[in-house]
Amino acid sequence: MVSLRPMTPMDLLKFNPCNLDHLTETYNIGFYLEYFTRWPQLCKVIEGANGQIEAYILGKVEASPHTAPVEPYDPGLKIYQKKFPNYLPWHAHITCLTVAPAARRLGHATKLSEALEQVGDEQNAWFVDLFVRVENEAAIKLYKKMGYSVYRRITDYYNDGSDAYDMRKPLKRDKHRKTVRANGENIKVHPDAVW
């Protein structure tokens, strides 16, 4: 029997099986501790019956560091599409979602992302977003199956020069799906434009 529970600093000592995948980013201890401190309700693990961490998610809720150019924010307004296309309203963000190779195809990624989406809805976020390497076809297929779509392609996002897809899934607040768009794979932006 597996359990979904909050992630704690002690889990950093036993989550290595999840981070063995070459597509998984491993961060410094301070990075994880900041998430545990600022967004504890968005940091979760799935623990197997044997006590091993089989999967984990780190998330946060945020918006662009400056206020919306037009209040109240409405993603359908043309001004946002033309003058401020990269403004990010209040949203939930999946920073890291990883599953140990031996625990894949058990629904762990779906369970963890649904837990984060629930918190996003509780905090009245517009959408959930995440960044994924464009070459990570398995993850992209999984996210699309979970209702995410590509919003844009961020060129040279990763340290090795690889591009990322910014994928989004609208939440309950976005009743008319104004924060997502079709053909996002064809919209390229530089990492500096993400905020």
# chains A, B, ... in the order shown; residues from 1 in each chain; ligands from 1
$ residues_around --residues "Gly51 (chain A)" --least-positions-apart "2" --cutoff "10 Å" --atoms "only C-alpha atoms" --output "PDB file with C-alpha atoms, in the first residue's frame"
ATOM      1  CA  VAL A   2       1.369   3.425  -0.963  1.00  0.00           C
ATOM      2  CA  SER A   3       0.650   6.676   0.831  1.00  0.00           C
ATOM      3  CA  LYS A  14      15.956   8.861   0.761  1.00  0.00           C
ATOM      4  CA  ILE A  46       4.319   8.991  -2.500  1.00  0.00           C
ATOM      5  CA  GLU A  47       5.867   6.482  -0.128  1.00  0.00           C
ATOM      6  CA  GLY A  48       5.786   2.775  -0.802  1.00  0.00           C
ATOM      7  CA  ALA A  49       4.878   0.119   1.756  1.00  0.00           C
ATOM      8  CA  ILE A  53      10.034   7.359  -1.777  1.00  0.00           C
ATOM      9  CA  GLU A  54       8.517   6.319  -5.109  1.00  0.00           C
TER      10      GLU A  54
END
$ residues_around --residues "His108 (chain A)" --least-positions-apart "5" --cutoff "12 Å" --atoms "only C-alpha atoms" --output "ChimeraX atom specification"
/A:2-4,18,44-48,53-57,97-103,113-115,142
$ atom_distance --atom1 "CA of Asp121 (chain A)" --atom2 "CA of Ile79 (chain A)"
25.6 Å
$ residues_around --residues "Val180 (chain A)" --least-positions-apart "3" --cutoff "9 Å" --atoms "only C-alpha atoms" --output "JSON, numbers by chain"
{"A": [127, 148, 149, 150, 151, 167, 168, 169, 170, 177, 184]}
$ write_last_selection --atoms "all heavy atoms" --output "tab-separated table (two decimals), in the first residue's frame"
chain	number	residue	atom	x	y	z
A	127	PHE	N	-4.45	28.76	-13.49
A	127	PHE	CA	-3.99	27.55	-14.17
A	127	PHE	C	-2.83	26.95	-13.41
A	127	PHE	O	-2.29	27.55	-12.49
A	127	PHE	CB	-3.57	27.85	-15.63
A	127	PHE	CG	-2.49	28.88	-15.76
A	127	PHE	CD1	-1.14	28.53	-15.70
A	127	PHE	CD2	-2.80	30.22	-15.97
A	127	PHE	CE1	-0.14	29.50	-15.83
A	127	PHE	CE2	-1.81	31.19	-16.11
A	127	PHE	CZ	-0.48	30.82	-16.03
A	148	TYR	N	-3.04	18.82	-19.88
A	148	TYR	CA	-2.14	19.95	-20.13
A	148	TYR	C	-1.96	20.13	-21.64
A	148	TYR	O	-2.07	19.18	-22.41
A	148	TYR	CB	-0.78	19.71	-19.49
A	148	TYR	CG	-0.80	19.80	-17.98
A	148	TYR	CD1	-1.28	18.74	-17.21
A	148	TYR	CD2	-0.37	20.94	-17.32
A	148	TYR	CE1	-1.32	18.82	-15.83
A	148	TYR	CE2	-0.40	21.02	-15.94
A	148	TYR	CZ	-0.88	19.97	-15.20
A	148	TYR	OH	-0.93	20.05	-13.84
A	149	SER	N	-1.66	21.36	-22.04
A	149	SER	CA	-1.35	21.64	-23.44
A	149	SER	C	-0.14	22.57	-23.48
A	149	SER	O	0.16	23.26	-22.51
A	149	SER	CB	-2.54	22.27	-24.16
A	149	SER	OG	-2.88	23.51	-23.55
A	150	VAL	N	0.55	22.57	-24.62
A	150	VAL	CA	1.73	23.43	-24.76
A	150	VAL	C	1.28	24.87	-24.97
A	150	VAL	O	0.51	25.15	-25.90
A	150	VAL	CB	2.63	22.96	-25.92
A	150	VAL	CG1	3.80	23.93	-26.11
A	150	VAL	CG2	3.14	21.54	-25.67
A	151	TYR	N	1.75	25.76	-24.12
A	151	TYR	CA	1.42	27.17	-24.24
A	151	TYR	C	2.45	27.91	-25.09
A	151	TYR	O	2.12	28.80	-25.86
A	151	TYR	CB	1.32	27.80	-22.85
A	151	TYR	CG	0.89	29.23	-22.87
A	151	TYR	CD1	-0.44	29.57	-23.13
A	151	TYR	CD2	1.79	30.27	-22.67
A	151	TYR	CE1	-0.85	30.88	-23.18
A	151	TYR	CE2	1.38	31.59	-22.70
A	151	TYR	CZ	0.07	31.89	-22.96
A	151	TYR	OH	-0.34	33.20	-23.01
A	167	MET	N	3.90	24.11	-20.39
A	167	MET	CA	2.61	23.44	-20.52
A	167	MET	C	1.67	23.94	-19.44
A	167	MET	O	2.10	24.21	-18.31
A	167	MET	CB	2.78	21.92	-20.45
A	167	MET	CG	3.65	21.37	-21.57
A	167	MET	SD	3.71	19.56	-21.62
A	167	MET	CE	2.10	19.19	-22.34
A	168	ARG	N	0.39	24.08	-19.81
A	168	ARG	CA	-0.61	24.61	-18.88
A	168	ARG	C	-1.87	23.76	-18.87
A	168	ARG	O	-2.24	23.17	-19.87
A	168	ARG	CB	-1.02	26.03	-19.27
A	168	ARG	CG	0.06	27.05	-19.11
A	168	ARG	CD	-0.46	28.42	-19.41
A	168	ARG	NE	0.60	29.41	-19.26
A	168	ARG	CZ	0.42	30.71	-19.41
A	168	ARG	NH1	-0.78	31.18	-19.71
A	168	ARG	NH2	1.42	31.53	-19.26
A	169	LYS	N	-2.50	23.82	-17.71
A	169	LYS	CA	-3.82	23.22	-17.56
A	169	LYS	C	-4.70	24.24	-16.83
A	169	LYS	O	-4.36	24.68	-15.73
A	169	LYS	CB	-3.74	21.93	-16.73
A	169	LYS	CG	-5.08	21.25	-16.53
A	169	LYS	CD	-4.91	19.96	-15.76
A	169	LYS	CE	-6.23	19.23	-15.59
A	169	LYS	NZ	-6.03	17.95	-14.88
A	170	PRO	N	-5.81	24.66	-17.45
A	170	PRO	CA	-6.66	25.65	-16.78
A	170	PRO	C	-7.32	25.05	-15.55
A	170	PRO	O	-7.64	23.87	-15.51
A	170	PRO	CB	-7.69	26.02	-17.85
A	170	PRO	CG	-7.70	24.87	-18.80
A	170	PRO	CD	-6.34	24.25	-18.74
A	177	ARG	N	-11.34	28.88	-20.48
A	177	ARG	CA	-10.05	28.40	-21.00
A	177	ARG	C	-9.27	29.50	-21.74
A	177	ARG	O	-8.67	29.28	-22.78
A	177	ARG	CB	-10.25	27.18	-21.89
A	177	ARG	CG	-10.90	26.00	-21.17
A	177	ARG	CD	-11.11	24.79	-22.05
A	177	ARG	NE	-9.90	24.33	-22.70
A	177	ARG	CZ	-8.99	23.50	-22.16
A	177	ARG	NH1	-9.19	23.03	-20.96
A	177	ARG	NH2	-7.92	23.14	-22.83
A	184	GLY	N	0.77	25.98	-29.30
A	184	GLY	CA	1.82	26.64	-28.52
A	184	GLY	C	3.22	26.20	-28.89
A	184	GLY	O	4.19	26.92	-28.64
$ select_by_dssp --residues "region 96-181 of chain A" --states "helix (DSSP H, G or I)" --output "PyMOL selection string"
chain A and resi 101-103+108-122+137-145
$ atom_distance --atom1 "CA of Pro69 (chain A)" --atom2 "CA of Lys83 (chain A)"
9.5 Å
$ residues_around --residues "Asp166 (chain A)" --least-positions-apart "3" --cutoff "10 Å" --atoms "only C-alpha atoms" --output "count of residues only"
17
$ atom_distance --atom1 "CA of Gly120 (chain A)" --atom2 "CA of Trp39 (chain A)"
11.5 Å
$ closest_residue --among "A:Val119, A:Asp174, A:Thr24, A:Pro75" --to "Gln41 (chain A)" --atoms "only C-alpha atoms"
A:Val119
$ residues_around --residues "Lys145 (chain A)" --least-positions-apart "6" --cutoff "12 Å" --atoms "only C-alpha atoms" --output "PDB file with N, CA, C and O atoms, in the first residue's frame"
ATOM      1  N   GLY A 107       0.311   5.427 -11.780  1.00  0.00           N
ATOM      2  CA  GLY A 107      -0.584   6.555 -11.526  1.00  0.00           C
ATOM      3  C   GLY A 107      -0.057   7.575 -10.531  1.00  0.00           C
ATOM      4  O   GLY A 107      -0.777   8.489 -10.142  1.00  0.00           O
ATOM      5  N   ALA A 109       2.233  10.012 -10.875  1.00  0.00           N
ATOM      6  CA  ALA A 109       2.333  11.377 -11.414  1.00  0.00           C
ATOM      7  C   ALA A 109       0.962  12.040 -11.447  1.00  0.00           C
ATOM      8  O   ALA A 109       0.817  13.219 -11.103  1.00  0.00           O
ATOM      9  N   THR A 110      -0.045  11.283 -11.835  1.00  0.00           N
ATOM     10  CA  THR A 110      -1.408  11.823 -11.883  1.00  0.00           C
ATOM     11  C   THR A 110      -1.893  12.174 -10.486  1.00  0.00           C
ATOM     12  O   THR A 110      -2.448  13.250 -10.257  1.00  0.00           O
ATOM     13  N   ALA A 138       7.916  11.095 -23.408  1.00  0.00           N
ATOM     14  CA  ALA A 138       7.062  10.318 -22.493  1.00  0.00           C
ATOM     15  C   ALA A 138       6.337  11.243 -21.523  1.00  0.00           C
ATOM     16  O   ALA A 138       5.127  11.089 -21.285  1.00  0.00           O
ATOM     17  N   ALA A 139       7.049  12.219 -20.963  1.00  0.00           N
ATOM     18  CA  ALA A 139       6.419  13.150 -20.018  1.00  0.00           C
ATOM     19  C   ALA A 139       5.396  14.031 -20.730  1.00  0.00           C
ATOM     20  O   ALA A 139       4.306  14.267 -20.201  1.00  0.00           O
ATOM     21  N   LYS A 169      -2.503  23.818 -17.713  1.00  0.00           N
ATOM     22  CA  LYS A 169      -3.821  23.218 -17.559  1.00  0.00           C
ATOM     23  C   LYS A 169      -4.695  24.237 -16.833  1.00  0.00           C
ATOM     24  O   LYS A 169      -4.356  24.677 -15.730  1.00  0.00           O
TER      25      LYS A 169
END
$ closest_residue --among "A:Thr155, A:Thr67, A:Asn124, A:Ser162" --to "Val189 (chain A)" --atoms "only C-alpha atoms"
A:Thr155
$ select_by_dssp --residues "region 20-193 of chain A" --states "strand (DSSP E or B)" --output "compact mmCIF listing (two decimals) with N, CA, C and O atoms, in the first residue's frame"
# COMPACT_ATOMS: atom_id res chain seq x y z
N CYS A 43 4.29 20.43 -1.60
CA CYS A 43 5.43 19.50 -1.64
C CYS A 43 4.94 18.17 -1.07
O CYS A 43 4.65 18.07 0.13
N LYS A 44 4.87 17.17 -1.91
CA LYS A 44 4.30 15.87 -1.51
C LYS A 44 5.18 14.74 -1.99
O LYS A 44 5.91 14.87 -2.98
N VAL A 45 5.08 13.61 -1.30
CA VAL A 45 5.74 12.38 -1.74
C VAL A 45 4.72 11.25 -1.76
O VAL A 45 3.70 11.30 -1.07
N ILE A 46 5.03 10.27 -2.57
CA ILE A 46 4.32 8.99 -2.50
C ILE A 46 5.33 8.00 -1.96
O ILE A 46 6.41 7.81 -2.54
N GLU A 47 4.99 7.41 -0.82
CA GLU A 47 5.87 6.48 -0.13
C GLU A 47 5.31 5.08 -0.27
O GLU A 47 4.12 4.85 -0.07
N ILE A 53 10.71 6.30 -1.03
CA ILE A 53 10.03 7.36 -1.78
C ILE A 53 9.94 6.90 -3.23
O ILE A 53 10.95 6.65 -3.88
N GLU A 54 8.72 6.76 -3.73
CA GLU A 54 8.52 6.32 -5.11
C GLU A 54 8.30 7.48 -6.06
O GLU A 54 8.52 7.34 -7.27
N ALA A 55 7.86 8.64 -5.56
CA ALA A 55 7.61 9.81 -6.39
C ALA A 55 7.50 11.03 -5.50
O ALA A 55 7.18 10.91 -4.31
N TYR A 56 7.76 12.20 -6.09
CA TYR A 56 7.54 13.43 -5.35
C TYR A 56 7.24 14.58 -6.29
O TYR A 56 7.51 14.51 -7.49
N ILE A 57 6.64 15.62 -5.71
CA ILE A 57 6.32 16.84 -6.45
C ILE A 57 6.70 18.03 -5.59
O ILE A 57 6.53 18.01 -4.37
N LEU A 58 7.26 19.05 -6.23
CA LEU A 58 7.49 20.34 -5.60
C LEU A 58 6.70 21.36 -6.40
O LEU A 58 6.77 21.37 -7.64
N GLY A 59 5.95 22.19 -5.74
CA GLY A 59 5.18 23.20 -6.44
C GLY A 59 5.13 24.49 -5.67
O GLY A 59 5.60 24.59 -4.54
N LYS A 60 4.57 25.50 -6.33
CA LYS A 60 4.41 26.80 -5.69
C LYS A 60 3.23 27.52 -6.35
O LYS A 60 2.75 27.10 -7.40
N VAL A 61 2.76 28.57 -5.71
CA VAL A 61 1.78 29.47 -6.30
C VAL A 61 2.45 30.83 -6.39
O VAL A 61 3.15 31.25 -5.47
N GLU A 62 2.24 31.49 -7.53
CA GLU A 62 2.94 32.74 -7.78
C GLU A 62 2.26 33.52 -8.90
O GLU A 62 1.34 33.02 -9.55
N HIS A 91 -1.11 31.78 -10.36
CA HIS A 91 -1.19 30.41 -10.88
C HIS A 91 -0.38 29.47 -10.01
O HIS A 91 0.46 29.90 -9.21
N ALA A 92 -0.63 28.19 -10.17
CA ALA A 92 0.16 27.16 -9.50
C ALA A 92 1.22 26.69 -10.49
O ALA A 92 0.99 26.68 -11.71
N HIS A 93 2.37 26.32 -9.98
CA HIS A 93 3.48 25.89 -10.83
C HIS A 93 4.07 24.59 -10.31
O HIS A 93 4.35 24.48 -9.12
N ILE A 94 4.23 23.62 -11.19
CA ILE A 94 4.93 22.38 -10.85
C ILE A 94 6.39 22.59 -11.15
O ILE A 94 6.79 22.70 -12.31
N THR A 95 7.20 22.68 -10.12
CA THR A 95 8.64 22.88 -10.29
C THR A 95 9.32 21.56 -10.61
O THR A 95 10.21 21.49 -11.44
N CYS A 96 8.90 20.52 -9.94
CA CYS A 96 9.50 19.20 -10.13
C CYS A 96 8.46 18.12 -9.86
O CYS A 96 7.77 18.18 -8.84
N LEU A 97 8.36 17.19 -10.76
CA LEU A 97 7.50 16.02 -10.59
C LEU A 97 8.28 14.85 -11.14
O LEU A 97 8.60 14.81 -12.33
N THR A 98 8.63 13.93 -10.27
CA THR A 98 9.44 12.80 -10.72
C THR A 98 9.01 11.52 -10.03
O THR A 98 8.56 11.53 -8.88
N VAL A 99 9.13 10.45 -10.78
CA VAL A 99 8.73 9.12 -10.30
C VAL A 99 9.93 8.19 -10.49
O VAL A 99 10.56 8.18 -11.56
N PHE A 127 -4.45 28.76 -13.49
CA PHE A 127 -3.99 27.55 -14.17
C PHE A 127 -2.83 26.95 -13.41
O PHE A 127 -2.29 27.55 -12.49
N VAL A 128 -2.43 25.75 -13.81
CA VAL A 128 -1.19 25.13 -13.36
C VAL A 128 -0.27 25.11 -14.57
O VAL A 128 -0.71 24.79 -15.68
N ASP A 129 1.00 25.44 -14.36
CA ASP A 129 1.95 25.30 -15.46
C ASP A 129 3.17 24.52 -15.00
O ASP A 129 3.37 24.28 -13.81
N LEU A 130 3.94 24.09 -15.97
CA LEU A 130 5.17 23.35 -15.73
C LEU A 130 6.05 23.50 -16.96
O LEU A 130 5.57 23.82 -18.05
N PHE A 131 7.33 23.29 -16.78
CA PHE A 131 8.27 23.29 -17.89
C PHE A 131 8.80 21.88 -18.06
O PHE A 131 9.15 21.22 -17.07
N VAL A 132 8.87 21.43 -19.31
CA VAL A 132 9.36 20.08 -19.60
C VAL A 132 10.26 20.15 -20.82
O VAL A 132 10.00 20.91 -21.75
N ARG A 133 11.32 19.36 -20.80
CA ARG A 133 12.23 19.32 -21.96
C ARG A 133 11.47 18.86 -23.20
O ARG A 133 10.71 17.90 -23.13
N SER A 149 -1.66 21.36 -22.04
CA SER A 149 -1.35 21.64 -23.44
C SER A 149 -0.14 22.57 -23.48
O SER A 149 0.16 23.26 -22.51
N VAL A 150 0.55 22.57 -24.62
CA VAL A 150 1.73 23.43 -24.76
C VAL A 150 1.28 24.87 -24.97
O VAL A 150 0.51 25.15 -25.90
N TYR A 151 1.75 25.76 -24.12
CA TYR A 151 1.42 27.17 -24.24
C TYR A 151 2.45 27.91 -25.09
O TYR A 151 2.12 28.80 -25.86
N ARG A 152 3.74 27.53 -24.92
CA ARG A 152 4.83 28.15 -25.69
C ARG A 152 6.09 27.31 -25.54
O ARG A 152 6.18 26.46 -24.65
N ARG A 153 7.03 27.57 -26.41
CA ARG A 153 8.34 26.91 -26.37
C ARG A 153 9.36 27.94 -25.91
O ARG A 153 9.48 29.01 -26.49
N ILE A 154 10.10 27.60 -24.86
CA ILE A 154 11.12 28.50 -24.32
C ILE A 154 12.47 28.02 -24.83
O ILE A 154 12.92 26.92 -24.48
N ALA A 164 12.49 24.14 -23.65
CA ALA A 164 11.43 23.61 -22.77
C ALA A 164 10.08 24.01 -23.34
O ALA A 164 9.94 25.07 -23.96
N TYR A 165 9.09 23.15 -23.11
CA TYR A 165 7.71 23.54 -23.35
C TYR A 165 7.15 24.05 -22.05
O TYR A 165 7.35 23.45 -20.99
N ASP A 166 6.45 25.18 -22.11
CA ASP A 166 5.66 25.67 -20.99
C ASP A 166 4.28 25.08 -21.22
O ASP A 166 3.58 25.44 -22.16
N MET A 167 3.90 24.11 -20.39
CA MET A 167 2.61 23.44 -20.52
C MET A 167 1.67 23.94 -19.44
O MET A 167 2.10 24.21 -18.31
N ARG A 168 0.39 24.08 -19.81
CA ARG A 168 -0.61 24.61 -18.88
C ARG A 168 -1.87 23.76 -18.87
O ARG A 168 -2.24 23.17 -19.87
N LYS A 169 -2.50 23.82 -17.71
CA LYS A 169 -3.82 23.22 -17.56
C LYS A 169 -4.70 24.24 -16.83
O LYS A 169 -4.36 24.68 -15.73
N PRO A 170 -5.81 24.66 -17.45
CA PRO A 170 -6.66 25.65 -16.78
C PRO A 170 -7.32 25.05 -15.55
O PRO A 170 -7.64 23.87 -15.51
N LYS A 188 7.62 30.71 -29.94
CA LYS A 188 8.92 30.63 -29.29
C LYS A 188 9.22 31.92 -28.55
O LYS A 188 9.01 33.01 -29.08
N VAL A 189 9.72 31.77 -27.32
CA VAL A 189 10.15 32.91 -26.52
C VAL A 189 11.50 32.60 -25.89
O VAL A 189 11.87 31.45 -25.71
$ closest_residue --among "A:Met10, A:Thr179, A:Glu34, A:His22" --to "Gln81 (chain A)" --atoms "only C-alpha atoms"
A:Thr179
$ residues_around --residues "Tyr32 (chain A)" --least-positions-apart "4" --cutoff "10 Å" --atoms "only C-alpha atoms" --output "ChimeraX atom specification"
/A:7-9,12,26-28,36-37,43,58
$ write_last_selection --atoms "all heavy atoms" --output "short mmCIF file (atom, residue, chain, number, x, y, z; two decimals), in the first residue's frame"
data_model
loop_
_atom_site.label_atom_id
_atom_site.label_comp_id
_atom_site.auth_asym_id
_atom_site.auth_seq_id
_atom_site.Cartn_x
_atom_site.Cartn_y
_atom_site.Cartn_z
N MET A 7 5.95 16.21 1.94
CA MET A 7 7.39 15.97 1.84
C MET A 7 8.09 16.75 2.96
O MET A 7 7.69 17.88 3.26
CB MET A 7 7.91 16.43 0.48
CG MET A 7 9.33 16.03 0.19
SD MET A 7 9.75 16.47 -1.55
CE MET A 7 11.33 15.65 -1.69
N THR A 8 9.08 16.15 3.59
CA THR A 8 9.80 16.79 4.69
C THR A 8 11.30 16.80 4.38
O THR A 8 11.76 16.07 3.50
CB THR A 8 9.58 16.03 6.01
OG1 THR A 8 10.26 14.77 5.93
CG2 THR A 8 8.10 15.81 6.31
N PRO A 9 12.06 17.60 5.12
CA PRO A 9 13.52 17.60 4.90
C PRO A 9 14.15 16.21 5.03
O PRO A 9 15.12 15.90 4.33
CB PRO A 9 14.03 18.56 5.97
CG PRO A 9 12.90 19.51 6.18
CD PRO A 9 11.66 18.65 6.05
N LEU A 12 14.80 14.11 1.90
CA LEU A 12 15.94 14.39 1.03
C LEU A 12 17.02 13.32 1.16
O LEU A 12 17.85 13.15 0.27
CB LEU A 12 16.52 15.77 1.33
CG LEU A 12 15.57 16.95 1.10
CD1 LEU A 12 16.25 18.25 1.50
CD2 LEU A 12 15.09 17.00 -0.33
N THR A 26 18.19 17.84 -10.25
CA THR A 26 18.44 17.72 -8.82
C THR A 26 18.95 19.08 -8.37
O THR A 26 19.84 19.65 -8.98
CB THR A 26 19.48 16.63 -8.52
OG1 THR A 26 18.96 15.38 -9.01
CG2 THR A 26 19.73 16.51 -7.03
N TYR A 27 18.37 19.59 -7.30
CA TYR A 27 18.68 20.93 -6.83
C TYR A 27 19.51 20.87 -5.55
O TYR A 27 19.67 19.82 -4.94
CB TYR A 27 17.38 21.69 -6.57
CG TYR A 27 16.45 21.72 -7.76
CD1 TYR A 27 15.38 20.84 -7.86
CD2 TYR A 27 16.66 22.62 -8.81
CE1 TYR A 27 14.54 20.86 -8.96
CE2 TYR A 27 15.83 22.64 -9.91
CZ TYR A 27 14.76 21.75 -9.98
OH TYR A 27 13.93 21.76 -11.07
N ASN A 28 20.01 22.04 -5.12
CA ASN A 28 20.75 22.07 -3.86
C ASN A 28 19.78 22.04 -2.68
O ASN A 28 18.59 22.31 -2.83
CB ASN A 28 21.69 23.30 -3.81
CG ASN A 28 20.92 24.61 -3.81
OD1 ASN A 28 20.07 24.84 -2.97
ND2 ASN A 28 21.23 25.48 -4.77
N PHE A 36 9.84 23.81 1.10
CA PHE A 36 9.20 23.27 2.30
C PHE A 36 8.71 24.38 3.22
O PHE A 36 7.70 24.24 3.89
CB PHE A 36 10.16 22.37 3.09
CG PHE A 36 10.66 21.17 2.35
CD1 PHE A 36 11.83 20.54 2.74
CD2 PHE A 36 9.99 20.64 1.25
CE1 PHE A 36 12.30 19.42 2.07
CE2 PHE A 36 10.46 19.53 0.57
CZ PHE A 36 11.61 18.92 0.98
N THR A 37 9.44 25.49 3.23
CA THR A 37 9.10 26.62 4.09
C THR A 37 7.99 27.47 3.50
O THR A 37 7.04 27.84 4.20
CB THR A 37 10.36 27.50 4.33
OG1 THR A 37 11.38 26.70 4.89
CG2 THR A 37 10.05 28.66 5.26
N CYS A 43 4.29 20.43 -1.60
CA CYS A 43 5.43 19.50 -1.64
C CYS A 43 4.94 18.17 -1.07
O CYS A 43 4.65 18.07 0.13
CB CYS A 43 6.60 20.04 -0.82
SG CYS A 43 7.18 21.65 -1.39
N LEU A 58 7.26 19.05 -6.23
CA LEU A 58 7.49 20.34 -5.60
C LEU A 58 6.70 21.36 -6.40
O LEU A 58 6.77 21.37 -7.64
CB LEU A 58 8.97 20.75 -5.66
CG LEU A 58 10.00 19.91 -4.93
CD1 LEU A 58 11.39 20.46 -5.19
CD2 LEU A 58 9.72 19.87 -3.44
#
